$ cat query-v2.cif   # mmCIF, C-alpha atoms
data_structure
loop_
_atom_site.label_atom_id
_atom_site.label_comp_id
_atom_site.auth_asym_id
_atom_site.auth_seq_id
_atom_site.Cartn_x
_atom_site.Cartn_y
_atom_site.Cartn_z
CA MET E 1 -184.34 -79.55 -83.95
CA PHE E 2 -185.10 -76.10 -82.58
CA THR E 3 -182.05 -73.97 -81.85
CA ILE E 4 -181.64 -70.74 -79.92
CA THR E 5 -179.67 -68.02 -81.70
CA GLN E 6 -176.31 -67.35 -80.02
CA THR E 7 -174.94 -63.84 -79.65
CA PRO E 8 -171.51 -63.17 -81.21
CA PRO E 9 -168.43 -63.11 -78.93
CA SER E 10 -167.60 -59.83 -77.21
CA PRO E 11 -164.87 -58.59 -74.82
CA ILE E 12 -167.28 -58.82 -71.89
CA GLN E 13 -167.00 -62.61 -72.16
CA GLU E 14 -163.58 -62.29 -70.51
CA LEU E 15 -165.19 -60.87 -67.36
CA PRO E 16 -164.79 -63.34 -64.46
CA LEU E 17 -168.21 -64.38 -63.21
CA ALA E 18 -169.37 -66.36 -60.20
CA ARG E 19 -168.56 -70.05 -60.69
CA TRP E 20 -172.15 -71.16 -60.38
CA THR E 21 -173.05 -69.23 -63.56
CA ASP E 22 -170.82 -71.49 -65.69
CA GLY E 23 -173.66 -73.90 -66.32
CA MET E 24 -176.43 -71.32 -66.21
CA SER E 25 -178.91 -71.04 -69.06
CA ARG E 26 -182.55 -70.24 -69.53
CA SER E 27 -184.73 -73.22 -68.76
CA VAL E 28 -185.52 -75.44 -71.71
CA LEU E 29 -189.16 -74.65 -71.02
CA ARG E 30 -188.70 -70.89 -71.45
CA GLN E 31 -186.63 -71.35 -74.59
CA MET E 32 -189.32 -73.54 -76.10
CA LEU E 33 -192.06 -71.09 -75.21
CA ALA E 34 -190.21 -68.43 -77.18
CA VAL E 35 -190.03 -70.76 -80.17
CA VAL E 36 -193.67 -71.84 -80.18
CA ALA E 37 -195.09 -68.36 -79.56
CA GLN E 38 -195.25 -67.71 -83.27
CA PRO E 39 -198.27 -66.30 -85.15
CA GLY E 40 -200.67 -69.01 -86.21
CA ILE E 41 -199.45 -71.61 -83.71
CA LEU E 42 -202.14 -73.37 -81.70
CA SER E 43 -200.29 -73.77 -78.45
CA PHE E 44 -200.80 -76.18 -75.57
CA ALA E 45 -197.32 -75.25 -74.36
CA GLY E 46 -197.61 -72.49 -71.76
CA GLY E 47 -199.03 -72.71 -68.27
CA LEU E 48 -201.32 -69.83 -69.12
CA PRO E 49 -204.68 -68.85 -67.64
CA ALA E 50 -207.31 -67.88 -70.19
CA PRO E 51 -207.03 -64.11 -70.81
CA GLU E 52 -210.75 -63.84 -71.56
CA MET E 53 -211.34 -65.00 -67.96
CA PHE E 54 -209.29 -62.24 -66.35
CA PRO E 55 -211.54 -60.05 -64.15
CA ALA E 56 -210.33 -56.94 -65.97
CA ASP E 57 -213.40 -54.75 -65.40
CA ASP E 58 -213.77 -55.50 -61.70
CA TYR E 59 -210.05 -55.20 -61.08
CA GLY E 60 -209.94 -51.98 -63.09
CA ARG E 61 -212.62 -50.46 -60.88
CA ALA E 62 -210.72 -51.53 -57.78
CA LEU E 63 -207.52 -50.02 -59.17
CA ASN E 64 -209.22 -46.71 -60.00
CA GLN E 65 -210.79 -46.63 -56.55
CA VAL E 66 -207.39 -47.04 -54.92
CA LEU E 67 -205.70 -44.46 -57.14
CA GLY E 68 -208.46 -41.96 -56.43
CA ALA E 69 -208.67 -42.38 -52.67
CA ASP E 70 -205.50 -43.95 -51.30
CA SER E 71 -202.44 -41.69 -51.15
CA GLY E 72 -200.24 -44.56 -50.02
CA ALA E 73 -200.84 -46.60 -53.15
CA LEU E 74 -197.90 -45.08 -55.05
CA GLN E 75 -195.55 -44.81 -52.07
CA TYR E 76 -193.10 -47.11 -50.32
CA GLY E 77 -194.74 -48.98 -47.49
CA PRO E 78 -194.91 -52.13 -45.38
CA PRO E 79 -197.00 -55.14 -46.41
CA PHE E 80 -200.62 -54.06 -46.64
CA THR E 81 -202.43 -55.42 -43.59
CA PRO E 82 -205.94 -55.58 -45.16
CA LEU E 83 -204.52 -57.81 -47.89
CA LYS E 84 -203.01 -60.08 -45.24
CA ARG E 85 -206.43 -60.37 -43.62
CA HIS E 86 -207.93 -61.45 -46.94
CA ILE E 87 -205.19 -64.04 -47.43
CA VAL E 88 -205.91 -65.47 -43.98
CA GLU E 89 -209.53 -65.90 -45.13
CA LEU E 90 -208.39 -67.47 -48.40
CA MET E 91 -206.23 -69.91 -46.50
CA ALA E 92 -209.19 -70.85 -44.33
CA ARG E 93 -211.00 -71.84 -47.55
CA ARG E 94 -208.08 -74.20 -48.22
CA GLY E 95 -208.40 -75.62 -44.71
CA VAL E 96 -205.34 -73.83 -43.35
CA ASP E 97 -205.53 -72.11 -39.97
CA CYS E 98 -203.08 -69.20 -39.82
CA ASN E 99 -202.88 -65.56 -38.75
CA GLU E 100 -201.67 -62.29 -40.23
CA ALA E 101 -198.29 -62.55 -38.52
CA GLN E 102 -197.60 -65.73 -40.52
CA ILE E 103 -198.46 -64.16 -43.90
CA PHE E 104 -195.48 -62.89 -45.90
CA ILE E 105 -196.33 -60.95 -49.08
CA THR E 106 -194.12 -61.62 -52.12
CA THR E 107 -193.77 -60.50 -55.72
CA GLY E 108 -195.26 -63.69 -57.10
CA ALA E 109 -194.90 -67.23 -55.78
CA GLN E 110 -191.60 -67.59 -57.61
CA GLN E 111 -190.10 -64.98 -55.31
CA ALA E 112 -191.55 -66.80 -52.32
CA LEU E 113 -189.77 -69.93 -53.52
CA ASP E 114 -186.51 -68.04 -53.97
CA VAL E 115 -186.73 -66.37 -50.55
CA VAL E 116 -187.37 -69.66 -48.73
CA THR E 117 -184.56 -71.33 -50.66
CA ARG E 118 -182.17 -68.57 -49.56
CA LEU E 119 -183.38 -68.98 -45.99
CA LEU E 120 -182.88 -72.75 -45.82
CA LEU E 121 -180.21 -73.87 -48.30
CA ASP E 122 -176.46 -73.57 -47.75
CA PRO E 123 -174.10 -73.84 -50.75
CA GLY E 124 -173.47 -77.51 -51.48
CA GLY E 125 -176.35 -78.66 -49.27
CA GLU E 126 -178.92 -81.32 -50.08
CA VAL E 127 -182.48 -80.98 -51.34
CA ILE E 128 -185.10 -83.57 -52.27
CA LEU E 129 -186.72 -83.01 -55.66
CA GLU E 130 -188.86 -85.16 -57.90
CA GLU E 131 -187.20 -86.46 -61.06
CA ILE E 132 -189.82 -84.59 -63.07
CA VAL E 133 -190.36 -81.23 -61.41
CA TYR E 134 -191.36 -77.61 -61.97
CA THR E 135 -188.44 -75.83 -63.63
CA GLY E 136 -188.67 -72.82 -61.31
CA VAL E 137 -187.40 -74.79 -58.33
CA GLN E 138 -184.44 -76.05 -60.34
CA GLN E 139 -183.53 -72.44 -61.09
CA ALA E 140 -184.06 -71.37 -57.47
CA VAL E 141 -181.59 -73.93 -56.11
CA SER E 142 -178.98 -73.78 -58.88
CA PRO E 143 -176.88 -70.90 -57.42
CA TYR E 144 -176.21 -73.09 -54.37
CA GLN E 145 -175.03 -76.05 -56.47
CA PRO E 146 -176.76 -78.49 -54.13
CA ARG E 147 -176.68 -82.25 -54.11
CA ILE E 148 -180.12 -83.25 -55.35
CA LEU E 149 -181.70 -86.38 -53.89
CA PRO E 150 -184.12 -87.51 -56.62
CA ILE E 151 -187.40 -89.29 -56.04
CA ASP E 152 -189.84 -90.70 -58.56
CA THR E 153 -193.55 -89.88 -58.81
CA ASN E 154 -196.54 -92.16 -59.22
CA LEU E 155 -198.94 -90.72 -61.81
CA TYR E 156 -201.94 -91.70 -59.67
CA THR E 157 -200.87 -91.00 -56.09
CA GLY E 158 -198.01 -88.50 -56.27
CA LEU E 159 -194.40 -88.43 -55.12
CA ASN E 160 -192.69 -91.48 -53.65
CA VAL E 161 -192.83 -90.86 -49.90
CA ASP E 162 -191.16 -94.19 -49.18
CA ALA E 163 -188.10 -92.96 -51.09
CA VAL E 164 -188.08 -89.85 -48.89
CA ALA E 165 -188.22 -92.05 -45.80
CA ALA E 166 -185.32 -94.12 -47.11
CA TYR E 167 -183.11 -91.06 -47.59
CA LEU E 168 -183.88 -89.86 -44.07
CA ALA E 169 -183.29 -93.30 -42.56
CA GLN E 170 -179.89 -93.40 -44.27
CA GLY E 171 -178.90 -90.26 -42.42
CA HIS E 172 -179.49 -87.60 -45.07
CA ARG E 173 -180.66 -84.28 -43.68
CA PRO E 174 -181.70 -82.21 -46.70
CA ALA E 175 -182.42 -78.50 -46.43
CA PHE E 176 -185.95 -79.10 -47.73
CA LEU E 177 -188.26 -81.13 -49.92
CA TYR E 178 -190.21 -79.26 -52.61
CA ALA E 179 -193.68 -80.51 -53.57
CA ILE E 180 -196.79 -79.51 -55.51
CA PRO E 181 -199.39 -81.76 -53.84
CA GLU E 182 -202.34 -80.34 -55.83
CA ALA E 183 -202.34 -80.57 -59.64
CA HIS E 184 -198.62 -81.15 -60.02
CA ASN E 185 -196.84 -79.12 -62.68
CA PRO E 186 -196.13 -80.78 -65.10
CA LEU E 187 -197.62 -84.17 -64.18
CA GLY E 188 -201.18 -83.12 -63.31
CA VAL E 189 -201.38 -85.63 -60.43
CA SER E 190 -202.57 -84.79 -56.91
CA MET E 191 -200.97 -86.49 -53.93
CA SER E 192 -203.11 -89.00 -52.07
CA LEU E 193 -204.24 -88.22 -48.53
CA ALA E 194 -202.28 -91.17 -47.15
CA LYS E 195 -199.08 -89.86 -48.73
CA ARG E 196 -199.71 -86.34 -47.43
CA GLN E 197 -200.12 -87.67 -43.91
CA GLN E 198 -197.04 -89.87 -44.20
CA LEU E 199 -194.95 -86.99 -45.55
CA VAL E 200 -195.79 -84.52 -42.79
CA GLU E 201 -195.14 -87.23 -40.19
CA LEU E 202 -191.67 -87.72 -41.67
CA ALA E 203 -191.10 -83.98 -41.68
CA ALA E 204 -191.96 -83.70 -38.00
CA THR E 205 -189.94 -86.77 -37.02
CA TYR E 206 -186.76 -85.77 -38.84
CA GLY E 207 -187.07 -81.98 -38.86
CA LEU E 208 -187.44 -81.83 -42.66
CA PRO E 209 -188.81 -78.51 -43.99
CA LEU E 210 -191.43 -78.96 -46.71
CA ILE E 211 -191.98 -76.28 -49.34
CA GLU E 212 -195.57 -76.68 -50.53
CA ASP E 213 -196.29 -74.86 -53.80
CA ASP E 214 -200.06 -74.47 -54.26
CA PRO E 215 -200.89 -72.27 -57.27
CA TYR E 216 -203.78 -74.48 -58.39
CA GLY E 217 -205.51 -75.40 -55.13
CA PHE E 218 -208.55 -73.19 -55.79
CA LEU E 219 -209.08 -74.63 -59.30
CA ARG E 220 -210.91 -77.90 -58.65
CA TYR E 221 -213.20 -79.61 -61.17
CA GLU E 222 -214.19 -82.85 -59.48
CA GLY E 223 -213.77 -84.87 -56.31
CA GLU E 224 -213.19 -83.94 -52.70
CA MET E 225 -210.69 -81.22 -51.82
CA LEU E 226 -207.83 -82.77 -49.87
CA PRO E 227 -206.09 -80.80 -47.12
CA PRO E 228 -202.87 -79.02 -48.07
CA LEU E 229 -199.73 -80.16 -46.28
CA ARG E 230 -199.85 -76.90 -44.30
CA ALA E 231 -203.27 -77.89 -42.94
CA LEU E 232 -201.72 -81.10 -41.59
CA ASP E 233 -198.61 -79.52 -40.08
CA ALA E 234 -198.09 -75.91 -39.03
CA ASP E 235 -194.45 -76.27 -37.96
CA TRP E 236 -192.54 -77.78 -40.89
CA VAL E 237 -194.50 -76.64 -43.95
CA PHE E 238 -193.77 -73.41 -45.84
CA TYR E 239 -196.87 -72.78 -47.98
CA LEU E 240 -196.57 -70.81 -51.24
CA GLY E 241 -199.70 -69.14 -52.66
CA SER E 242 -200.31 -66.96 -55.70
CA PHE E 243 -202.89 -64.71 -57.33
CA SER E 244 -201.42 -65.47 -60.78
CA LYS E 245 -203.69 -68.38 -61.67
CA ILE E 246 -206.84 -67.15 -59.90
CA LEU E 247 -206.69 -63.46 -60.93
CA ALA E 248 -203.92 -62.62 -63.41
CA PRO E 249 -200.18 -63.39 -63.73
CA ALA E 250 -199.21 -59.77 -64.47
CA LEU E 251 -200.16 -58.77 -60.93
CA ARG E 252 -196.99 -60.54 -59.73
CA LEU E 253 -198.45 -60.99 -56.29
CA GLY E 254 -198.04 -64.02 -54.07
CA TRP E 255 -197.67 -64.98 -50.45
CA LEU E 256 -195.93 -67.32 -48.10
CA VAL E 257 -197.32 -68.87 -44.93
CA ALA E 258 -194.38 -69.36 -42.57
CA PRO E 259 -193.64 -69.44 -38.85
CA ALA E 260 -194.08 -65.90 -37.53
CA GLU E 261 -190.67 -65.95 -35.85
CA LEU E 262 -188.98 -66.39 -39.26
CA VAL E 263 -190.75 -63.44 -40.93
CA PRO E 264 -188.06 -60.92 -39.86
CA LYS E 265 -185.38 -62.99 -41.59
CA LEU E 266 -187.58 -63.45 -44.65
CA THR E 267 -188.12 -59.68 -44.73
CA VAL E 268 -184.38 -59.00 -44.82
CA ILE E 269 -183.91 -61.51 -47.65
CA LYS E 270 -186.74 -59.95 -49.65
CA GLU E 271 -185.31 -56.46 -49.09
CA MET E 272 -182.13 -57.69 -50.77
CA GLU E 273 -184.17 -58.62 -53.83
CA ASP E 274 -186.74 -55.87 -54.40
CA LEU E 275 -187.25 -53.99 -51.12
CA GLU E 276 -191.00 -54.62 -51.17
CA SER E 277 -193.88 -55.73 -53.36
CA SER E 278 -195.96 -53.12 -55.18
CA GLN E 279 -198.14 -51.10 -52.81
CA LEU E 280 -200.46 -50.30 -55.70
CA THR E 281 -201.02 -53.93 -56.57
CA GLN E 282 -201.46 -55.00 -52.95
CA ARG E 283 -204.05 -52.32 -52.31
CA ALA E 284 -205.89 -52.85 -55.59
CA VAL E 285 -206.17 -56.60 -55.00
CA ALA E 286 -207.38 -55.93 -51.46
CA ALA E 287 -210.04 -53.55 -52.85
CA TYR E 288 -211.08 -56.19 -55.40
CA LEU E 289 -211.45 -58.72 -52.58
CA ASP E 290 -213.28 -56.17 -50.41
CA ALA E 291 -215.93 -55.93 -53.14
CA GLY E 292 -216.64 -59.67 -52.82
CA HIS E 293 -215.93 -60.61 -56.44
CA LEU E 294 -213.61 -63.57 -55.87
CA PRO E 295 -216.06 -66.40 -55.01
CA GLY E 296 -218.09 -65.85 -58.19
CA HIS E 297 -214.93 -65.46 -60.26
CA LEU E 298 -213.49 -68.74 -58.93
CA ALA E 299 -216.76 -70.52 -59.67
CA ARG E 300 -216.64 -69.30 -63.28
CA LEU E 301 -213.00 -70.35 -63.63
CA CYS E 302 -213.70 -73.84 -62.32
CA THR E 303 -216.70 -74.27 -64.61
CA GLU E 304 -214.86 -73.13 -67.72
CA TYR E 305 -211.54 -74.82 -67.04
CA GLY E 306 -213.44 -78.00 -66.17
CA ARG E 307 -215.09 -77.86 -69.61
CA ARG E 308 -211.70 -77.42 -71.24
CA ARG E 309 -210.15 -80.27 -69.29
CA ASP E 310 -213.03 -82.57 -70.25
CA ALA E 311 -212.67 -81.53 -73.89
CA MET E 312 -208.97 -82.38 -73.91
CA LEU E 313 -209.44 -85.73 -72.18
CA ALA E 314 -212.14 -86.68 -74.68
CA ALA E 315 -210.02 -85.52 -77.63
CA LEU E 316 -207.04 -87.53 -76.40
CA THR E 317 -209.21 -90.65 -76.31
CA ARG E 318 -210.37 -90.02 -79.87
CA HIS E 319 -207.11 -89.01 -81.51
CA PHE E 320 -204.12 -90.46 -79.62
CA PRO E 321 -202.82 -94.01 -80.03
CA ALA E 322 -204.24 -96.74 -77.83
CA GLU E 323 -200.78 -97.37 -76.33
CA ALA E 324 -200.59 -93.83 -74.95
CA ARG E 325 -201.62 -93.02 -71.39
CA TRP E 326 -202.25 -89.75 -69.63
CA THR E 327 -203.18 -88.30 -66.26
CA HIS E 328 -206.74 -87.32 -65.37
CA PRO E 329 -206.28 -84.16 -63.28
CA SER E 330 -208.99 -83.24 -60.82
CA ASN E 331 -207.73 -79.66 -60.81
CA GLY E 332 -205.02 -77.41 -62.22
CA MET E 333 -204.09 -76.75 -65.84
CA PHE E 334 -202.05 -79.66 -67.18
CA ILE E 335 -202.28 -83.17 -68.56
CA TRP E 336 -199.15 -85.32 -68.76
CA VAL E 337 -199.01 -87.77 -71.67
CA GLU E 338 -196.75 -90.81 -72.06
CA LEU E 339 -196.47 -92.02 -75.66
CA PRO E 340 -195.01 -95.35 -76.78
CA GLU E 341 -191.42 -95.63 -75.62
CA HIS E 342 -189.84 -95.41 -79.07
CA MET E 343 -191.19 -91.89 -79.63
CA ASP E 344 -189.10 -88.75 -79.06
CA THR E 345 -191.34 -85.80 -78.23
CA ALA E 346 -188.58 -83.24 -78.91
CA ALA E 347 -188.51 -84.39 -82.54
CA LEU E 348 -192.30 -84.67 -82.48
CA LEU E 349 -192.56 -81.01 -81.46
CA GLU E 350 -190.54 -79.88 -84.44
CA THR E 351 -192.78 -81.81 -86.82
CA ALA E 352 -195.96 -80.69 -85.07
CA VAL E 353 -195.04 -77.01 -85.27
CA SER E 354 -193.76 -77.08 -88.84
CA HIS E 355 -196.48 -79.31 -90.34
CA GLU E 356 -199.59 -78.86 -88.20
CA LYS E 357 -198.92 -75.53 -86.40
CA VAL E 358 -199.58 -77.03 -82.97
CA ALA E 359 -197.24 -76.91 -79.98
CA PHE E 360 -196.68 -78.56 -76.60
CA ILE E 361 -193.79 -78.95 -74.14
CA PRO E 362 -191.69 -82.15 -74.35
CA GLY E 363 -191.36 -83.89 -71.01
CA HIS E 364 -187.59 -83.68 -70.84
CA ALA E 365 -187.92 -79.90 -70.28
CA PHE E 366 -188.94 -80.64 -66.68
CA ALA E 367 -186.49 -83.43 -65.92
CA LEU E 368 -183.58 -83.35 -63.54
CA PRO E 369 -180.27 -84.03 -65.36
CA GLY E 370 -180.18 -87.67 -66.33
CA TYR E 371 -183.89 -88.27 -65.83
CA GLY E 372 -185.29 -87.13 -69.18
CA ARG E 373 -188.50 -88.66 -70.46
CA ARG E 374 -188.08 -88.60 -74.22
CA ASN E 375 -191.52 -90.11 -74.88
CA CYS E 376 -193.53 -87.73 -72.66
CA LEU E 377 -195.18 -84.35 -73.10
CA ARG E 378 -197.14 -81.78 -71.12
CA LEU E 379 -200.36 -80.28 -72.45
CA ASN E 380 -202.05 -77.15 -71.11
CA PHE E 381 -205.85 -77.04 -71.42
CA SER E 382 -206.74 -73.75 -69.70
CA ASN E 383 -205.75 -71.37 -72.51
CA CYS E 384 -207.79 -72.79 -75.41
CA THR E 385 -211.51 -73.11 -76.00
CA PRO E 386 -212.95 -76.64 -76.26
CA GLU E 387 -213.27 -76.18 -80.03
CA ARG E 388 -209.60 -75.26 -80.43
CA ILE E 389 -208.60 -78.10 -78.11
CA GLU E 390 -210.42 -80.61 -80.32
CA ASP E 391 -208.78 -79.17 -83.42
CA GLY E 392 -205.30 -79.08 -81.91
CA ILE E 393 -205.37 -82.58 -80.42
CA GLU E 394 -206.67 -83.97 -83.71
CA ARG E 395 -203.76 -82.31 -85.54
CA LEU E 396 -201.28 -83.57 -82.98
CA GLY E 397 -202.71 -87.08 -83.25
CA LYS E 398 -202.09 -86.99 -87.00
CA VAL E 399 -198.45 -86.15 -86.42
CA ILE E 400 -198.07 -89.00 -83.92
CA ASP E 401 -199.73 -91.45 -86.34
CA SER E 402 -197.32 -90.41 -89.10
CA ILE E 403 -194.21 -91.35 -87.11
#
$ encode --input "query-v2.cif" --output "structure tokens"
Amino acid sequence: MFTITQTPPSPIQELPLARWTDGMSRSVLRQMLAVVAQPGILSFAGGLPAPEMFPADDYGRALNQVLGADSGALQYGPPFTPLKRHIVELMARRGVDCNEAQIFITTGAQQALDVVTRLLLDPGGEVILEEIVYTGVQQAVSPYQPRILPIDTNLYTGLNVDAVAAYLAQGHRPAFLYAIPEAHNPLGVSMSLAKRQQLVELAATYGLPLIEDDPYGFLRYEGEMLPPLRALDADWVFYLGSFSKILAPALRLGWLVAPAELVPKLTVIKEMEDLESSQLTQRAVAAYLDAGHLPGHLARLCTEYGRRRDAMLAALTRHFPAEARWTHPSNGMFIWVELPEHMDTAALLETAVSHEKVAFIPGHAFALPGYGRRNCLRLNFSNCTPERIEDGIERLGKVIDSI
């Protein structure tokens, strides 16, 4: 099995730390990414956009324009209002009606998640999370040592809203429920419209805040776009958006749509973390959007990522065992695969990397404690060409057949 090198003991280990850090470690996902990021590895492991699709030239021109003409770009400053106006327009494309006062700029969507968690969650409180869930939310809540109310997820229709209703009917009043309704990470499923409507009705009835994480909503390859939760309820949904997947992750620029009356409190929490998000990045992204490049860029992303998704789905049909099943994502970057129950994908990863130089993320990396899926894996299709996808899935299929 893969192991992470431990540092030797030192006197600093006697330093008393906050109790919540006792069980703290890097997520299994991040540890595995470090292992598989070796030269020569064909990786389906990371949630990475394709670097050849980054709008480097257009963004570079926008950046140079800002540096040459905007003296505030390298200074401290409040959130950049023209960028907020663009985000309001972006949200309208997602069917969300909001205004600039409800837009809160963050240093990536992960910070938005952390800020909202700090706003809503008391130490020892309750939160509702799916049994298989994005690792970032597990890290965001861990300092508060909450009681987690787990719910399962249907691979065709999304999280189990009836289980949410049952918790609420029993008298639980969790601080929030976290959800990725579009292109779930890692499961690749999008929540059905009926479940979205049922969930926001529960939120309004019981006063349950919903944190809606939507990094993939603009990356759709087929089917009708369903309304985000925030489009169905403006009072109980905190919407998290990001430029990481539609422009570039290194920008570290995201946003939160929240009730305007809570923005002052969110601002204080963010000031505790990093004072403010980069003025240079905010202004450069606003200049890029001013130039009108985004619609064409999104169209190219959807065309290319759609090709890559189709290539992976076809390769899975050709090279994986008949007993395996997988999701068919209409958008996003991931396919979730369930192999026959006797298989252990952690052991499979070791063999795949050492023998076939191909990598993925075992499903247990995303599981709440006690809910590991030893026979499951997540595959990323956005960061490899169709030709490399065919090659890698064929190699991975050989490893599976050999076990």
$ residues_around --input "query-v2.cif" --residues "range 199-202 of chain E" --least-positions-apart "6" --cutoff "8 Å" --atoms "all atoms listed in the file" --output "ChimeraX atom specification"
/E:161,165,208,229,232-233,236
$ resolve_selection --input "query-v2.cif" --expression "the PyMOL selection byres ((chain E and resi 389) around 10)" --output "PyMOL selection string"
chain E and resi 42-44+308-309+311-316+380-388+390-395
$ closest_residue --input "query-v2.cif" --among "E:Ala169, E:Gly40, E:Gln102, E:Leu251" --to "Gln279 in chain E" --atoms "only C-alpha atoms"
E:Leu251
$ residues_around --input "query-v2.cif" --residues "range 111-118 of chain E" --least-positions-apart "5" --cutoff "9 Å" --atoms "all atoms listed in the file" --output "mmCIF file with C-alpha atoms, keeping the file's coordinate frame"
data_model
loop_
_atom_site.group_PDB
_atom_site.id
_atom_site.type_symbol
_atom_site.label_atom_id
_atom_site.label_comp_id
_atom_site.auth_asym_id
_atom_site.auth_seq_id
_atom_site.Cartn_x
_atom_site.Cartn_y
_atom_site.Cartn_z
ATOM 1 C CA PHE E 104 -195.480 -62.890 -45.900
ATOM 2 C CA ILE E 105 -196.330 -60.950 -49.080
ATOM 3 C CA THR E 106 -194.120 -61.620 -52.120
ATOM 4 C CA GLY E 136 -188.670 -72.820 -61.310
ATOM 5 C CA VAL E 137 -187.400 -74.790 -58.330
ATOM 6 C CA GLN E 139 -183.530 -72.440 -61.090
ATOM 7 C CA ALA E 140 -184.060 -71.370 -57.470
ATOM 8 C CA VAL E 141 -181.590 -73.930 -56.110
ATOM 9 C CA TYR E 144 -176.210 -73.090 -54.370
ATOM 10 C CA ALA E 175 -182.420 -78.500 -46.430
ATOM 11 C CA PHE E 176 -185.950 -79.100 -47.730
ATOM 12 C CA ILE E 211 -191.980 -76.280 -49.340
ATOM 13 C CA ASP E 213 -196.290 -74.860 -53.800
ATOM 14 C CA PHE E 238 -193.770 -73.410 -45.840
ATOM 15 C CA LEU E 240 -196.570 -70.810 -51.240
ATOM 16 C CA GLY E 241 -199.700 -69.140 -52.660
ATOM 17 C CA GLY E 254 -198.040 -64.020 -54.070
ATOM 18 C CA TRP E 255 -197.670 -64.980 -50.450
ATOM 19 C CA LEU E 256 -195.930 -67.320 -48.100
ATOM 20 C CA LEU E 266 -187.580 -63.450 -44.650
ATOM 21 C CA THR E 267 -188.120 -59.680 -44.730
ATOM 22 C CA ILE E 269 -183.910 -61.510 -47.650
ATOM 23 C CA LYS E 270 -186.740 -59.950 -49.650
ATOM 24 C CA GLU E 273 -184.170 -58.620 -53.830
#
$ closest_residue --input "query-v2.cif" --among "E:Ile335, E:Ala234, E:Ile403, E:Ile246" --to "Ser190 in chain E" --atoms "all atoms listed in the file"
E:Ile335
$ atom_distance --input "query-v2.cif" --atom1 "CA of Glu130 in chain E" --atom2 "CA of Thr153 in chain E"
6.7 Å
$ atom_distance --input "query-v2.cif" --atom1 "CA of Leu253 in chain E" --atom2 "CA of Ala299 in chain E"
20.9 Å
$ closest_residue --input "query-v2.cif" --among "E:Pro82, E:Phe54, E:Glu212, E:Val337" --to "Leu298 in chain E" --atoms "all atoms listed in the file"
E:Phe54
$ resolve_selection --input "query-v2.cif" --expression "the PyMOL selection byres ((chain E and resi 56-73) around 7)" --output "VMD selection string"
chain E and resid 54 to 55 74 to 75 279 to 280 283 to 284 287 to 288
$ atom_distance --input "query-v2.cif" --atom1 "CA of Phe243 in chain E" --atom2 "CA of Gly47 in chain E"
14.1 Å
$ closest_residue --input "query-v2.cif" --among "E:Ser330, E:Asn185, E:Thr281, E:Gln198" --to "Phe80 in chain E" --atoms "only C-alpha atoms"
E:Thr281
$ closest_residue --input "query-v2.cif" --among "E:Phe218, E:Pro123, E:Ala248, E:Pro329" --to "Leu155 in chain E" --atoms "all atoms listed in the file"
E:Pro329
$ residues_around --input "query-v2.cif" --residues "Leu159 in chain E" --least-positions-apart "6" --cutoff "9 Å" --atoms "all atoms listed in the file" --output "compact mmCIF listing (two decimals) with C-alpha atoms, keeping the file's coordinate frame"
# COMPACT_ATOMS: atom_id res chain seq x y z
CA GLU E 130 -188.86 -85.16 -57.90
CA ILE E 151 -187.40 -89.29 -56.04
CA ASP E 152 -189.84 -90.70 -58.56
CA THR E 153 -193.55 -89.88 -58.81
CA ALA E 179 -193.68 -80.51 -53.57
CA PRO E 181 -199.39 -81.76 -53.84
CA MET E 191 -200.97 -86.49 -53.93
CA LYS E 195 -199.08 -89.86 -48.73
$ resolve_selection --input "query-v2.cif" --expression "the PyMOL selection byres ((chain E and resi 348) around 12)" --output "number ranges by chain"
E: 1-2, 339, 342-347, 349-363, 374-377, 396-403
$ residues_around --input "query-v2.cif" --residues "Arg173 in chain E" --least-positions-apart "4" --cutoff "8 Å" --atoms "all atoms listed in the file" --output "PyMOL selection string"
chain E and resi 126+168+206+208
$ write_last_selection --input "query-v2.cif" --atoms "C-alpha atoms" --output "mmCIF file, in the frame of the given file"
data_model
loop_
_atom_site.group_PDB
_atom_site.id
_atom_site.type_symbol
_atom_site.label_atom_id
_atom_site.label_comp_id
_atom_site.auth_asym_id
_atom_site.auth_seq_id
_atom_site.Cartn_x
_atom_site.Cartn_y
_atom_site.Cartn_z
ATOM 1 C CA GLU E 126 -178.920 -81.320 -50.080
ATOM 2 C CA LEU E 168 -183.880 -89.860 -44.070
ATOM 3 C CA TYR E 206 -186.760 -85.770 -38.840
ATOM 4 C CA LEU E 208 -187.440 -81.830 -42.660
#
$ decode --input "query-v2.cif" --residues "range 76-80 of chain E" --atoms "N, CA and C atoms" --output "CSV table (one decimal), in the first residue's frame"
chain,number,residue,atom,x,y,z
E,76,TYR,N,-4.3,47.7,-1.4
E,76,TYR,CA,-5.5,47.2,-0.6
E,76,TYR,C,-6.8,47.9,-1.2
E,77,GLY,N,-7.9,47.2,-1.0
E,77,GLY,CA,-9.1,47.8,-1.5
E,77,GLY,C,-10.3,47.0,-1.2
E,78,PRO,N,-11.5,47.5,-1.3
E,78,PRO,CA,-12.7,46.8,-1.0
E,78,PRO,C,-13.0,45.9,-2.2
E,79,PRO,N,-14.0,45.0,-2.1
E,79,PRO,CA,-14.4,44.2,-3.3
E,79,PRO,C,-14.6,45.0,-4.5
E,80,PHE,N,-14.2,44.6,-5.6
E,80,PHE,CA,-14.2,45.4,-6.9
E,80,PHE,C,-15.6,45.3,-7.5
